[in-house]
Amino acid sequence: MKQYAMCELVLAGPVLTNHYAAINLTATLSCGAETVTVRGFYAGDGVYKVRFLPKQAGVYRYTITGCLFASGTVEVEAGDGHGQVTAQGQHFTYEDGTPYFPFGTTVYALAHQPQHLIDETLTTLAASPFNKIRTCVFPKDYTYNHNEPPYYAFEKNTDGSWDVNRPCLAFWDHLERTLCAIGHMGIQVDLILFHPYDRWGFSAFTQEENLIYLDYLLRRLAAYPFLWWSLANEYDLCIEHKTIQDFEELETFVAVNDPYHHLLSNHNCFAPWDFSRSNITHVSYQTKSVTHVAEWYRTYQKPVVVDECCYEGNLPYLWGCISGQEMTARFWGSVVSGGYCTHGETFLDENEIVWWAKGGKLKGESPARIAFLKAFVETLPGPIEPLPGQYDSVFQIQPEQLSQLLETVPPSAKGFAMAVRMNPAEREVMASGEYVYRGKVGSQVHLVYLERFCPAAFEIDLPEGQTYRVEVIDTWEMTRKTVMTGASGKTTVPLPGKPYMAIAAFAE
């Protein structure tokens with residue numbers, strides 16, 4: 001057995017045919033100062049399993065009680081993995097301290113496709129820049145995604161309803177194989193536990209059934225180090241069967257019953273989840289505008305991931321037809337603001353094999369550019385944090401002057417974005433026009449991303465007393481060019497007058 005890898009104890013016992021989701025089987029394991037209690041599960045044919053995730057090398061002593069009894073020791077060798085990804089401040093690291101920068105993608109119904117399509121998707125992922133994937137436990141019924149899955153999560157009662165006390169072991173074995181194939185490639189799996197796109201009845205479970213399902217899932221899967229928990233995809237569209245209070249109970253249940261406290265969040269369609277809740281480890285947002293990433297970074301003091309920013313593709317729906325340039329721009333805007341972003345792809349296909357739902361092959365232009373950004377970020381001396389005052393032409397006024405100001409804006413200018421921010425301490429309003437993405441890595445690196453703007457030059461404000469080498473980065477053409485050295489203080493950087501340019505200044 002290896003440190004930072006799922007370890008399994010297998011026992012023989014009675015063959016069960018009914019009510020085996022929540023068997024009474026508990027193990028306590030200890031090694032040095034580490035002690036953990038986990039619950040086992042029934043794996044079929046009289047086989048019982050207890051899984052744990054050793055955090056150190058050494059000899060673990062275990063005691064198993066409940067419907068079966070056993071004790072003994074297992075030796076865990078030092079592994080070559082990094083452990084779980086954890087939230088540290090507003091960024092992510094592995095347990096061994098290695099930084100982790102999520103560059104994700106989305107294949108919602110991957111495990112519910114034919115095996116040849118799953119295999120093709122895994123091959124594509126292996127050659128992609130993506131180190132995180134969002135995917136669902138339950139099958140999905142939606143446009144371009146109407147196929148029946150090979151297995152279902154539970155057996156049926158005689159009346160045709162699902163019996164959550166009898167998990168379909170073939171389904172869970174298949175799901176596990178798919179998740180492990182992804183995890184073994186070094187890709188984190190953001191596993192979506194609920195969603196509203198359902199014709200089979202899984203989204204209509206009672207709360208008691210939801211908790212039985214989650215209990216079994218955690219018994220089986222919590223020892224895998226590469227998993228995250230997403231309570232739902234678009235939780236606020238589940239309102240027909242789940243209230244906010246239901247989701248709060250589900251959130252608490254997962255947090256309390258996961259012995260390894262994997263990353264946990266909840267994804268919205270319209271109304272964002274309350275990311276200030278103590279069990280929530282990071283922000284998981286659906287938004288078309290990534291200009292708020294820096295604000296969320298400062299508000300929640302947690303990592304910010306824009307997990308859905310629309311999809312590169314050509315579907316006849318506005319959420320599924322942004323360009324590769326726009327997808328790339330949303331990644332750069334998120335990252336320079338101190339956050340992270342998740343890719344998705346939705347190109348029409350005569351066989352309805354659309355990546356965002358089923359996987360297959362990538363067709364878009366953004367993955368290569370995302371790979372370029374990922375490689376750039378991984379060379380930086382640390383994670384990016386947003387710089388304050390990211391709006392250009394900022395000026396300050398008193399609150400009582402705000403109404404008068406807005407009245408002076410002519411009708412022809414109403415289309416311009418005017419951002420209004422209140423400074424509670426000084427009771428001032430800052431109003432401005434366009435948004436400029438700015439970030440830094442300590443005093444070592446300063447970053448500016450200009451998105452769609454095409455200036456021939458742009459002024460950046462570098463710290464006095466330190467000189468910098470300044471690069472101009474063409475984020476679309478994927479080039480980097482040093483344009484000056486010895487820069488300090490207010491510096492005007494020459495630019496080619498093209499969109500999608502970034503400026504990076506590195507301390508000399």
# chains A, B, ... in the order shown; residues from 1 in each chain; ligands from 1
$ residues_around --residues "Tyr4 of chain A" --least-positions-apart "2" --cutoff "12 Å" --atoms "only C-alpha atoms" --output "list in words"
Met1, Lys2, Met6, Cys7, Phe52, Leu53, Pro54, Lys55, Gln56, Ala57, Val76, Glu77, Ala78, Gly79, Asp80, Gly81, His82, Gly83, Gln84, Val85, Tyr94, Glu95, Asp96, Ala223, Tyr224, Pro225, Phe226 and Tyr260 of chain A
$ residues_around --residues "segment 98-112 of chain A" --least-positions-apart "2" --cutoff "6 Å" --atoms "only C-alpha atoms" --output "list in words"
Phe92, Thr93, Tyr94, Asp96, Phe130, Asn131, Lys132, Ile133, Arg134, Thr135, Cys136, Pro139, Pro149, Leu175, Thr342, His343, Gly344, Trp356, Ala357, Lys358 and Gly359 of chain A
$ write_last_selection --atoms "N, CA, C and O atoms" --output "compact mmCIF listing (two decimals), in the first residue's frame"
# COMPACT_ATOMS: atom_id res chain seq x y z
N PHE A 92 -4.86 26.94 -4.18
CA PHE A 92 -4.89 25.50 -3.91
C PHE A 92 -3.47 24.95 -3.83
O PHE A 92 -2.57 25.39 -4.55
N THR A 93 -3.28 23.97 -2.94
CA THR A 93 -2.04 23.22 -2.89
C THR A 93 -2.36 21.76 -2.62
O THR A 93 -3.41 21.42 -2.06
N TYR A 94 -1.45 20.88 -3.02
CA TYR A 94 -1.52 19.49 -2.61
C TYR A 94 -1.09 19.38 -1.14
O TYR A 94 -0.46 20.29 -0.59
N ASP A 96 1.26 17.75 0.15
CA ASP A 96 2.71 17.81 0.38
C ASP A 96 3.29 19.19 0.11
O ASP A 96 4.50 19.38 0.15
N PHE A 130 -5.82 19.98 -19.55
CA PHE A 130 -6.75 20.05 -18.43
C PHE A 130 -6.32 19.14 -17.29
O PHE A 130 -6.01 17.96 -17.50
N ASN A 131 -6.31 19.70 -16.08
CA ASN A 131 -5.95 18.92 -14.89
C ASN A 131 -7.11 18.84 -13.90
O ASN A 131 -6.92 18.51 -12.73
N LYS A 132 -8.31 19.14 -14.38
CA LYS A 132 -9.53 19.05 -13.57
C LYS A 132 -10.69 18.83 -14.53
O LYS A 132 -10.70 19.38 -15.63
N ILE A 133 -11.67 18.03 -14.12
CA ILE A 133 -12.84 17.79 -14.96
C ILE A 133 -14.08 17.78 -14.08
O ILE A 133 -14.08 17.21 -12.98
N ARG A 134 -15.14 18.43 -14.56
CA ARG A 134 -16.44 18.38 -13.89
C ARG A 134 -17.27 17.29 -14.56
O ARG A 134 -17.44 17.28 -15.79
N THR A 135 -17.79 16.37 -13.77
CA THR A 135 -18.61 15.29 -14.32
C THR A 135 -19.60 14.83 -13.27
O THR A 135 -19.42 15.06 -12.07
N CYS A 136 -20.68 14.17 -13.72
CA CYS A 136 -21.82 13.85 -12.86
C CYS A 136 -21.83 12.39 -12.42
O CYS A 136 -21.38 11.51 -13.17
N PRO A 139 -26.90 10.14 -14.69
CA PRO A 139 -27.00 10.46 -16.11
C PRO A 139 -27.73 11.78 -16.31
O PRO A 139 -28.44 12.26 -15.42
N PRO A 149 -28.07 5.31 -20.24
CA PRO A 149 -26.77 4.86 -19.72
C PRO A 149 -26.70 3.34 -19.67
O PRO A 149 -27.74 2.66 -19.66
N LEU A 175 -18.56 3.30 -12.58
CA LEU A 175 -18.26 4.69 -12.26
C LEU A 175 -16.86 4.81 -11.67
O LEU A 175 -16.07 5.68 -12.06
N THR A 342 -12.87 27.30 -15.95
CA THR A 342 -13.16 25.95 -16.45
C THR A 342 -13.67 26.04 -17.88
O THR A 342 -14.58 26.81 -18.17
N HIS A 343 -13.10 25.22 -18.72
CA HIS A 343 -13.41 25.17 -20.15
C HIS A 343 -14.62 24.27 -20.40
O HIS A 343 -14.93 23.35 -19.64
N GLY A 344 -15.29 24.52 -21.51
CA GLY A 344 -16.32 23.63 -22.02
C GLY A 344 -16.43 23.82 -23.51
O GLY A 344 -16.09 24.89 -24.04
N TRP A 356 -19.06 18.74 -24.11
CA TRP A 356 -19.54 19.18 -22.78
C TRP A 356 -20.44 18.15 -22.12
O TRP A 356 -20.55 18.11 -20.89
N ALA A 357 -21.06 17.28 -22.90
CA ALA A 357 -21.95 16.27 -22.34
C ALA A 357 -21.33 14.87 -22.38
O ALA A 357 -21.36 14.14 -21.41
N LYS A 358 -20.75 14.51 -23.56
CA LYS A 358 -20.36 13.12 -23.77
C LYS A 358 -18.87 12.90 -23.94
O LYS A 358 -18.40 11.76 -23.86
N GLY A 359 -18.12 13.95 -24.22
CA GLY A 359 -16.69 13.77 -24.45
C GLY A 359 -16.39 13.52 -25.91
O GLY A 359 -16.99 14.11 -26.80
$ select_by_dssp --residues "segment 246-364 of chain A" --states "helix (DSSP H, G or I)" --output "PyMOL selection string"
chain A and resi 246-257+290-300+318-320+324-336+355-358
$ closest_residue --among "A:Phe506, A:His267, A:Ala255, A:Ser323" --to "Val306 of chain A" --atoms "only C-alpha atoms"
A:His267
$ closest_residue --among "A:Ala507, A:Tyr449, A:Gly320, A:Val50" --to "Val470 of chain A" --atoms "only C-alpha atoms"
A:Ala507
$ residues_around --residues "segment 167-174 of chain A" --least-positions-apart "2" --cutoff "12 Å" --atoms "only C-alpha atoms" --output "CSV table (one decimal) with C-alpha atoms, in the first residue's frame"
chain,number,residue,atom,x,y,z
A,16,LEU,CA,-26.6,-9.7,1.1
A,17,THR,CA,-29.5,-9.1,-1.2
A,18,ASN,CA,-31.4,-6.4,0.5
A,19,HIS,CA,-30.7,-3.2,2.5
A,20,TYR,CA,-27.0,-3.3,2.0
A,21,ALA,CA,-26.4,0.4,1.3
A,22,ALA,CA,-25.8,1.4,5.0
A,41,PHE,CA,-19.4,-1.0,2.3
A,42,TYR,CA,-20.8,-4.1,0.8
A,43,ALA,CA,-19.3,-4.9,-2.6
A,44,GLY,CA,-21.4,-7.9,-3.6
A,45,ASP,CA,-21.0,-11.7,-3.5
A,47,VAL,CA,-17.3,-9.3,-0.2
A,110,LEU,CA,-18.9,10.9,-19.3
A,111,ALA,CA,-19.5,7.7,-17.2
A,112,HIS,CA,-22.9,7.2,-18.9
A,113,GLN,CA,-21.5,6.7,-22.4
A,114,PRO,CA,-20.5,3.6,-24.3
A,115,GLN,CA,-17.1,2.3,-23.3
A,118,ILE,CA,-15.2,6.9,-22.7
A,137,VAL,CA,-22.7,10.8,-10.8
A,138,PHE,CA,-26.2,10.6,-12.4
A,139,PRO,CA,-27.0,10.5,-16.1
A,149,PRO,CA,-26.8,4.9,-19.7
A,150,PRO,CA,-25.4,1.3,-19.5
A,151,TYR,CA,-26.1,1.1,-15.8
A,152,TYR,CA,-28.2,2.9,-13.2
A,153,ALA,CA,-27.1,3.8,-9.7
A,154,PHE,CA,-29.8,1.7,-7.9
A,155,GLU,CA,-31.9,-1.4,-8.3
A,156,LYS,CA,-35.6,-1.1,-8.7
A,157,ASN,CA,-38.5,-2.0,-6.5
A,162,TRP,CA,-35.6,3.2,-7.2
A,163,ASP,CA,-34.4,1.3,-4.1
A,164,VAL,CA,-31.6,3.4,-2.7
A,165,ASN,CA,-31.0,0.7,-0.1
A,176,GLU,CA,-15.2,3.9,-10.1
A,177,ARG,CA,-13.2,2.6,-13.0
A,178,THR,CA,-14.0,5.7,-15.0
A,179,LEU,CA,-13.1,8.0,-12.2
A,180,CYS,CA,-9.9,6.1,-11.4
A,181,ALA,CA,-8.8,6.2,-15.1
A,209,GLU,CA,-33.2,8.9,0.0
A,212,ILE,CA,-28.7,7.2,2.0
A,213,TYR,CA,-27.3,7.7,-1.5
A,214,LEU,CA,-24.6,10.2,-0.2
A,215,ASP,CA,-23.7,7.9,2.6
A,216,TYR,CA,-23.0,5.0,0.2
A,217,LEU,CA,-21.1,7.2,-2.1
A,218,LEU,CA,-18.9,8.5,0.7
A,219,ARG,CA,-18.2,5.0,2.0
A,220,ARG,CA,-17.0,3.9,-1.5
A,221,LEU,CA,-15.3,7.0,-2.8
$ closest_residue --among "A:Asn147, A:Asn233, A:Thr37, A:Asn24" --to "Ser265 of chain A" --atoms "only C-alpha atoms"
A:Asn233
$ atom_distance --atom1 "atom CA of Arg51 of chain A" --atom2 "atom CA of Thr26 of chain A"
10.2 Å
$ residues_around --residues "Met478 of chain A" --least-positions-apart "5" --cutoff "12 Å" --atoms "only C-alpha atoms" --output "list in words"
Gln325, Thr328, Glu365, Ser366, Pro367, Ala368, Arg369, Ile370, Ala371, Phe372, Leu373, Lys374, Ala375, Phe376, Val472, Ile473, Tyr500, Met501 and Ala502 of chain A
$ write_last_selection --atoms "all heavy atoms" --output "compact mmCIF listing (two decimals), in the first residue's frame"
# COMPACT_ATOMS: atom_id res chain seq x y z
N GLN A 325 -11.56 32.71 -29.08
CA GLN A 325 -10.94 33.92 -28.53
C GLN A 325 -11.60 34.33 -27.22
O GLN A 325 -10.93 34.70 -26.26
CB GLN A 325 -11.03 35.08 -29.53
CG GLN A 325 -10.12 34.92 -30.74
CD GLN A 325 -10.87 34.34 -31.92
OE1 GLN A 325 -11.82 33.56 -31.74
NE2 GLN A 325 -10.47 34.70 -33.13
N THR A 328 -10.73 31.90 -24.38
CA THR A 328 -9.36 32.17 -23.94
C THR A 328 -9.30 33.45 -23.12
O THR A 328 -8.62 33.52 -22.09
CB THR A 328 -8.43 32.28 -25.16
OG1 THR A 328 -8.50 31.08 -25.93
CG2 THR A 328 -6.99 32.50 -24.73
N GLU A 365 -10.50 25.92 -30.64
CA GLU A 365 -9.21 26.61 -30.71
C GLU A 365 -8.66 27.01 -29.35
O GLU A 365 -7.48 27.35 -29.25
CB GLU A 365 -9.37 27.86 -31.57
CG GLU A 365 -9.75 27.60 -33.02
CD GLU A 365 -9.90 28.88 -33.81
OE1 GLU A 365 -10.89 29.60 -33.59
OE2 GLU A 365 -9.01 29.16 -34.63
N SER A 366 -9.51 27.00 -28.31
CA SER A 366 -9.05 27.49 -27.02
C SER A 366 -8.14 26.52 -26.26
O SER A 366 -7.27 27.00 -25.51
CB SER A 366 -10.24 27.88 -26.14
OG SER A 366 -11.04 26.75 -25.83
N PRO A 367 -8.27 25.19 -26.36
CA PRO A 367 -7.41 24.34 -25.53
C PRO A 367 -5.92 24.60 -25.71
O PRO A 367 -5.16 24.59 -24.72
CB PRO A 367 -7.80 22.92 -25.95
CG PRO A 367 -9.25 23.04 -26.33
CD PRO A 367 -9.33 24.38 -27.01
N ALA A 368 -5.46 24.84 -26.93
CA ALA A 368 -4.03 25.13 -27.13
C ALA A 368 -3.64 26.41 -26.42
O ALA A 368 -2.54 26.51 -25.84
CB ALA A 368 -3.73 25.23 -28.62
N ARG A 369 -4.52 27.42 -26.45
CA ARG A 369 -4.22 28.69 -25.77
C ARG A 369 -4.29 28.55 -24.26
O ARG A 369 -3.55 29.20 -23.52
CB ARG A 369 -5.20 29.78 -26.24
CG ARG A 369 -4.83 30.42 -27.55
CD ARG A 369 -5.19 29.59 -28.75
NE ARG A 369 -4.70 30.18 -29.99
CZ ARG A 369 -4.85 29.62 -31.18
NH1 ARG A 369 -5.50 28.46 -31.29
NH2 ARG A 369 -4.34 30.18 -32.25
N ILE A 370 -5.19 27.69 -23.78
CA ILE A 370 -5.25 27.42 -22.35
C ILE A 370 -3.98 26.71 -21.90
O ILE A 370 -3.45 26.97 -20.82
CB ILE A 370 -6.51 26.59 -22.03
CG1 ILE A 370 -7.77 27.44 -22.28
CG2 ILE A 370 -6.49 26.10 -20.58
CD1 ILE A 370 -9.06 26.65 -22.29
N ALA A 371 -3.45 25.81 -22.75
CA ALA A 371 -2.18 25.15 -22.44
C ALA A 371 -1.06 26.17 -22.33
O ALA A 371 -0.18 26.07 -21.45
CB ALA A 371 -1.87 24.11 -23.51
N PHE A 372 -1.05 27.16 -23.22
CA PHE A 372 -0.04 28.22 -23.18
C PHE A 372 -0.14 29.01 -21.87
O PHE A 372 0.88 29.29 -21.21
CB PHE A 372 -0.24 29.14 -24.39
CG PHE A 372 0.65 30.35 -24.42
CD1 PHE A 372 1.98 30.23 -24.78
CD2 PHE A 372 0.13 31.60 -24.12
CE1 PHE A 372 2.80 31.36 -24.82
CE2 PHE A 372 0.94 32.73 -24.17
CZ PHE A 372 2.28 32.60 -24.52
N LEU A 373 -1.37 29.36 -21.47
CA LEU A 373 -1.57 30.08 -20.21
C LEU A 373 -1.15 29.23 -19.02
O LEU A 373 -0.47 29.71 -18.10
CB LEU A 373 -3.04 30.48 -20.08
CG LEU A 373 -3.49 31.05 -18.74
CD1 LEU A 373 -2.71 32.30 -18.38
CD2 LEU A 373 -4.99 31.33 -18.75
N LYS A 374 -1.52 27.97 -19.04
CA LYS A 374 -1.16 27.07 -17.93
C LYS A 374 0.36 26.98 -17.77
O LYS A 374 0.89 27.05 -16.65
CB LYS A 374 -1.76 25.69 -18.18
CG LYS A 374 -1.48 24.64 -17.11
CD LYS A 374 -2.31 23.39 -17.38
CE LYS A 374 -2.06 22.30 -16.34
NZ LYS A 374 -0.83 21.54 -16.63
N ALA A 375 1.06 26.82 -18.90
CA ALA A 375 2.52 26.74 -18.84
C ALA A 375 3.11 28.04 -18.30
O ALA A 375 4.08 28.02 -17.52
CB ALA A 375 3.07 26.43 -20.23
N PHE A 376 2.53 29.17 -18.68
CA PHE A 376 3.00 30.47 -18.18
C PHE A 376 2.80 30.56 -16.67
O PHE A 376 3.73 30.93 -15.93
CB PHE A 376 2.25 31.59 -18.89
CG PHE A 376 2.50 32.96 -18.33
CD1 PHE A 376 3.70 33.61 -18.57
CD2 PHE A 376 1.54 33.59 -17.54
CE1 PHE A 376 3.94 34.88 -18.05
CE2 PHE A 376 1.77 34.85 -17.00
CZ PHE A 376 2.98 35.50 -17.26
N VAL A 472 5.66 41.60 -23.57
CA VAL A 472 4.33 41.70 -24.18
C VAL A 472 3.96 40.29 -24.64
O VAL A 472 4.72 39.64 -25.36
CB VAL A 472 4.30 42.69 -25.34
CG1 VAL A 472 2.98 42.61 -26.09
CG2 VAL A 472 4.53 44.11 -24.82
N ILE A 473 2.80 39.84 -24.20
CA ILE A 473 2.35 38.48 -24.50
C ILE A 473 1.13 38.55 -25.41
O ILE A 473 0.14 39.20 -25.08
CB ILE A 473 1.98 37.73 -23.19
CG1 ILE A 473 3.17 37.71 -22.24
CG2 ILE A 473 1.49 36.32 -23.50
CD1 ILE A 473 2.84 37.15 -20.86
N TYR A 500 -6.38 41.04 -27.10
CA TYR A 500 -5.93 39.84 -26.39
C TYR A 500 -4.44 39.89 -26.06
O TYR A 500 -3.75 38.87 -26.08
CB TYR A 500 -6.26 38.57 -27.18
CG TYR A 500 -7.69 38.51 -27.62
CD1 TYR A 500 -8.03 38.39 -28.96
CD2 TYR A 500 -8.73 38.63 -26.69
CE1 TYR A 500 -9.35 38.36 -29.37
CE2 TYR A 500 -10.05 38.61 -27.09
CZ TYR A 500 -10.36 38.47 -28.44
OH TYR A 500 -11.67 38.45 -28.84
N MET A 501 -3.96 41.09 -25.71
CA MET A 501 -2.56 41.24 -25.33
C MET A 501 -2.46 41.31 -23.80
O MET A 501 -3.35 41.83 -23.12
CB MET A 501 -1.96 42.52 -25.93
CG MET A 501 -2.14 42.63 -27.45
SD MET A 501 -1.46 41.24 -28.37
CE MET A 501 0.28 41.46 -28.06
N ALA A 502 -1.36 40.80 -23.28
CA ALA A 502 -1.06 40.89 -21.86
C ALA A 502 0.33 41.48 -21.69
O ALA A 502 1.18 41.37 -22.59
CB ALA A 502 -1.13 39.51 -21.21
$ select_by_dssp --residues "segment 123-178 of chain A" --states "strand (DSSP E or B)" --output "PyMOL selection string"
chain A and resi 132-136+142+145+154-156+162-167
$ write_last_selection --atoms "all heavy atoms" --output "tab-separated table (two decimals), in the first residue's frame"
chain	number	residue	atom	x	y	z
A	132	LYS	N	-8.31	19.14	-14.38
A	132	LYS	CA	-9.53	19.05	-13.57
A	132	LYS	C	-10.69	18.83	-14.53
A	132	LYS	O	-10.70	19.38	-15.63
A	132	LYS	CB	-9.73	20.31	-12.75
A	132	LYS	CG	-11.06	20.40	-11.98
A	132	LYS	CD	-11.10	21.69	-11.17
A	132	LYS	CE	-12.45	21.93	-10.51
A	132	LYS	NZ	-13.47	22.43	-11.46
A	133	ILE	N	-11.67	18.03	-14.12
A	133	ILE	CA	-12.84	17.79	-14.96
A	133	ILE	C	-14.08	17.78	-14.08
A	133	ILE	O	-14.08	17.21	-12.98
A	133	ILE	CB	-12.72	16.46	-15.74
A	133	ILE	CG1	-13.91	16.27	-16.69
A	133	ILE	CG2	-12.56	15.27	-14.81
A	133	ILE	CD1	-13.76	15.09	-17.64
A	134	ARG	N	-15.14	18.43	-14.56
A	134	ARG	CA	-16.44	18.38	-13.89
A	134	ARG	C	-17.27	17.29	-14.56
A	134	ARG	O	-17.44	17.28	-15.79
A	134	ARG	CB	-17.16	19.73	-14.01
A	134	ARG	CG	-16.43	20.88	-13.36
A	134	ARG	CD	-17.17	22.19	-13.56
A	134	ARG	NE	-18.46	22.18	-12.87
A	134	ARG	CZ	-19.62	22.45	-13.45
A	134	ARG	NH1	-19.69	22.73	-14.73
A	134	ARG	NH2	-20.74	22.43	-12.74
A	135	THR	N	-17.79	16.37	-13.77
A	135	THR	CA	-18.61	15.29	-14.32
A	135	THR	C	-19.60	14.83	-13.27
A	135	THR	O	-19.42	15.06	-12.07
A	135	THR	CB	-17.71	14.13	-14.82
A	135	THR	OG1	-18.45	13.26	-15.65
A	135	THR	CG2	-17.10	13.36	-13.65
A	136	CYS	N	-20.68	14.17	-13.72
A	136	CYS	CA	-21.82	13.85	-12.86
A	136	CYS	C	-21.83	12.39	-12.42
A	136	CYS	O	-21.38	11.51	-13.17
A	136	CYS	CB	-23.13	14.14	-13.59
A	136	CYS	SG	-23.38	15.86	-14.06
A	142	TYR	N	-30.72	16.04	-21.60
A	142	TYR	CA	-30.73	17.43	-22.06
A	142	TYR	C	-30.46	17.41	-23.57
A	142	TYR	O	-30.15	16.37	-24.15
A	142	TYR	CB	-29.64	18.23	-21.32
A	142	TYR	CG	-29.77	19.73	-21.44
A	142	TYR	CD1	-30.84	20.41	-20.87
A	142	TYR	CD2	-28.80	20.47	-22.10
A	142	TYR	CE1	-30.96	21.79	-20.96
A	142	TYR	CE2	-28.90	21.85	-22.19
A	142	TYR	CZ	-29.99	22.50	-21.63
A	142	TYR	OH	-30.10	23.86	-21.72
A	145	ASN	N	-28.16	15.08	-25.64
A	145	ASN	CA	-27.73	14.10	-24.63
A	145	ASN	C	-28.96	13.34	-24.13
A	145	ASN	O	-29.48	13.61	-23.06
A	145	ASN	CB	-27.04	14.82	-23.47
A	145	ASN	CG	-26.41	13.85	-22.49
A	145	ASN	OD1	-26.17	12.70	-22.83
A	145	ASN	ND2	-26.14	14.31	-21.29
A	154	PHE	N	-29.05	2.50	-8.87
A	154	PHE	CA	-29.76	1.68	-7.88
A	154	PHE	C	-30.62	0.63	-8.58
A	154	PHE	O	-31.00	0.80	-9.75
A	154	PHE	CB	-30.63	2.56	-6.98
A	154	PHE	CG	-29.85	3.64	-6.28
A	154	PHE	CD1	-29.85	4.94	-6.77
A	154	PHE	CD2	-29.09	3.35	-5.17
A	154	PHE	CE1	-29.10	5.93	-6.16
A	154	PHE	CE2	-28.33	4.34	-4.54
A	154	PHE	CZ	-28.34	5.62	-5.04
A	155	GLU	N	-30.91	-0.42	-7.85
A	155	GLU	CA	-31.86	-1.42	-8.34
A	155	GLU	C	-33.27	-0.87	-8.16
A	155	GLU	O	-33.50	0.11	-7.43
A	155	GLU	CB	-31.70	-2.72	-7.56
A	155	GLU	CG	-30.29	-3.30	-7.58
A	155	GLU	CD	-29.86	-3.81	-8.93
A	155	GLU	OE1	-30.70	-3.84	-9.86
A	155	GLU	OE2	-28.68	-4.18	-9.09
A	156	LYS	N	-34.23	-1.52	-8.82
A	156	LYS	CA	-35.61	-1.06	-8.74
A	156	LYS	C	-36.45	-1.93	-7.82
A	156	LYS	O	-36.22	-3.14	-7.70
A	156	LYS	CB	-36.24	-1.02	-10.13
A	156	LYS	CG	-35.78	0.16	-10.97
A	156	LYS	CD	-36.60	0.31	-12.24
A	156	LYS	CE	-36.25	1.59	-12.98
A	156	LYS	NZ	-37.08	1.78	-14.18
A	162	TRP	N	-36.96	3.49	-7.58
A	162	TRP	CA	-35.57	3.16	-7.25
A	162	TRP	C	-35.46	2.81	-5.78
A	162	TRP	O	-36.05	3.46	-4.93
A	162	TRP	CB	-34.65	4.34	-7.56
A	162	TRP	CG	-34.63	4.73	-9.00
A	162	TRP	CD1	-35.13	5.87	-9.55
A	162	TRP	CD2	-34.07	3.98	-10.08
A	162	TRP	NE1	-34.94	5.87	-10.90
A	162	TRP	CE2	-34.28	4.72	-11.26
A	162	TRP	CE3	-33.43	2.74	-10.18
A	162	TRP	CZ2	-33.86	4.28	-12.52
A	162	TRP	CZ3	-33.02	2.30	-11.42
A	162	TRP	CH2	-33.23	3.06	-12.57
A	163	ASP	N	-34.67	1.78	-5.49
A	163	ASP	CA	-34.44	1.35	-4.12
A	163	ASP	C	-33.03	1.77	-3.72
A	163	ASP	O	-32.04	1.10	-4.04
A	163	ASP	CB	-34.58	-0.17	-4.01
A	163	ASP	CG	-34.47	-0.68	-2.58
A	163	ASP	OD1	-34.14	0.13	-1.69
A	163	ASP	OD2	-34.69	-1.89	-2.36
A	164	VAL	N	-32.91	2.89	-3.04
A	164	VAL	CA	-31.59	3.42	-2.68
A	164	VAL	C	-30.87	2.52	-1.68
A	164	VAL	O	-29.66	2.65	-1.48
A	164	VAL	CB	-31.69	4.85	-2.12
A	164	VAL	CG1	-32.17	5.82	-3.18
A	164	VAL	CG2	-32.58	4.90	-0.89
A	165	ASN	N	-31.62	1.61	-1.04
A	165	ASN	CA	-30.97	0.67	-0.13
A	165	ASN	C	-30.28	-0.47	-0.86
A	165	ASN	O	-29.58	-1.27	-0.24
A	165	ASN	CB	-32.01	0.10	0.85
A	165	ASN	CG	-32.51	1.14	1.82
A	165	ASN	OD1	-31.74	1.64	2.65
A	165	ASN	ND2	-33.78	1.50	1.73
A	166	ARG	N	-30.47	-0.54	-2.18
A	166	ARG	CA	-29.82	-1.57	-2.99
A	166	ARG	C	-29.07	-0.91	-4.15
A	166	ARG	O	-29.57	-0.86	-5.28
A	166	ARG	CB	-30.84	-2.58	-3.51
A	166	ARG	CG	-31.48	-3.45	-2.44
A	166	ARG	CD	-32.31	-4.55	-3.08
A	166	ARG	NE	-33.42	-4.02	-3.85
A	166	ARG	CZ	-33.81	-4.50	-5.04
A	166	ARG	NH1	-33.15	-5.50	-5.60
A	166	ARG	NH2	-34.85	-3.96	-5.67
A	167	PRO	N	-27.89	-0.36	-3.89
A	167	PRO	CA	-27.11	0.21	-4.98
A	167	PRO	C	-26.82	-0.85	-6.05
A	167	PRO	O	-26.58	-2.01	-5.73
A	167	PRO	CB	-25.82	0.67	-4.29
A	167	PRO	CG	-26.18	0.83	-2.85
A	167	PRO	CD	-27.22	-0.22	-2.58
$ closest_residue --among "A:His146, A:His241, A:Arg298, A:His184" --to "Val283 of chain A" --atoms "only C-alpha atoms"
A:Arg298
$ residues_around --residues "Phe458 of chain A" --least-positions-apart "6" --cutoff "7 Å" --atoms "only C-alpha atoms" --output "mmCIF file with N, CA and C atoms, in the first residue's frame"
data_model
loop_
_atom_site.group_PDB
_atom_site.id
_atom_site.type_symbol
_atom_site.label_atom_id
_atom_site.label_comp_id
_atom_site.auth_asym_id
_atom_site.auth_seq_id
_atom_site.Cartn_x
_atom_site.Cartn_y
_atom_site.Cartn_z
ATOM 1 N N THR A 492 5.407 53.356 -19.738
ATOM 2 C CA THR A 492 4.566 53.213 -20.924
ATOM 3 C C THR A 492 5.121 52.080 -21.781
ATOM 4 N N VAL A 493 4.292 51.067 -21.972
ATOM 5 C CA VAL A 493 4.715 49.861 -22.688
ATOM 6 C C VAL A 493 4.179 49.909 -24.118
ATOM 7 N N PRO A 494 5.054 49.796 -25.135
ATOM 8 C CA PRO A 494 4.563 49.767 -26.516
ATOM 9 C C PRO A 494 3.839 48.457 -26.807
#
$ residues_around --residues "Trp296 of chain A" --least-positions-apart "4" --cutoff "12 Å" --atoms "only C-alpha atoms" --output "list in words"
Gln90, Pro272, Asp274, Phe275, Ser276, His282, Val283, Ser284, Tyr285, Val290, Thr291, His292, Tyr300, Gln301, Lys302, Pro303, Val304, Val305, Val306, Ser334, Ser337, Gly338, Gly339, Tyr340, Glu385 and Pro386 of chain A
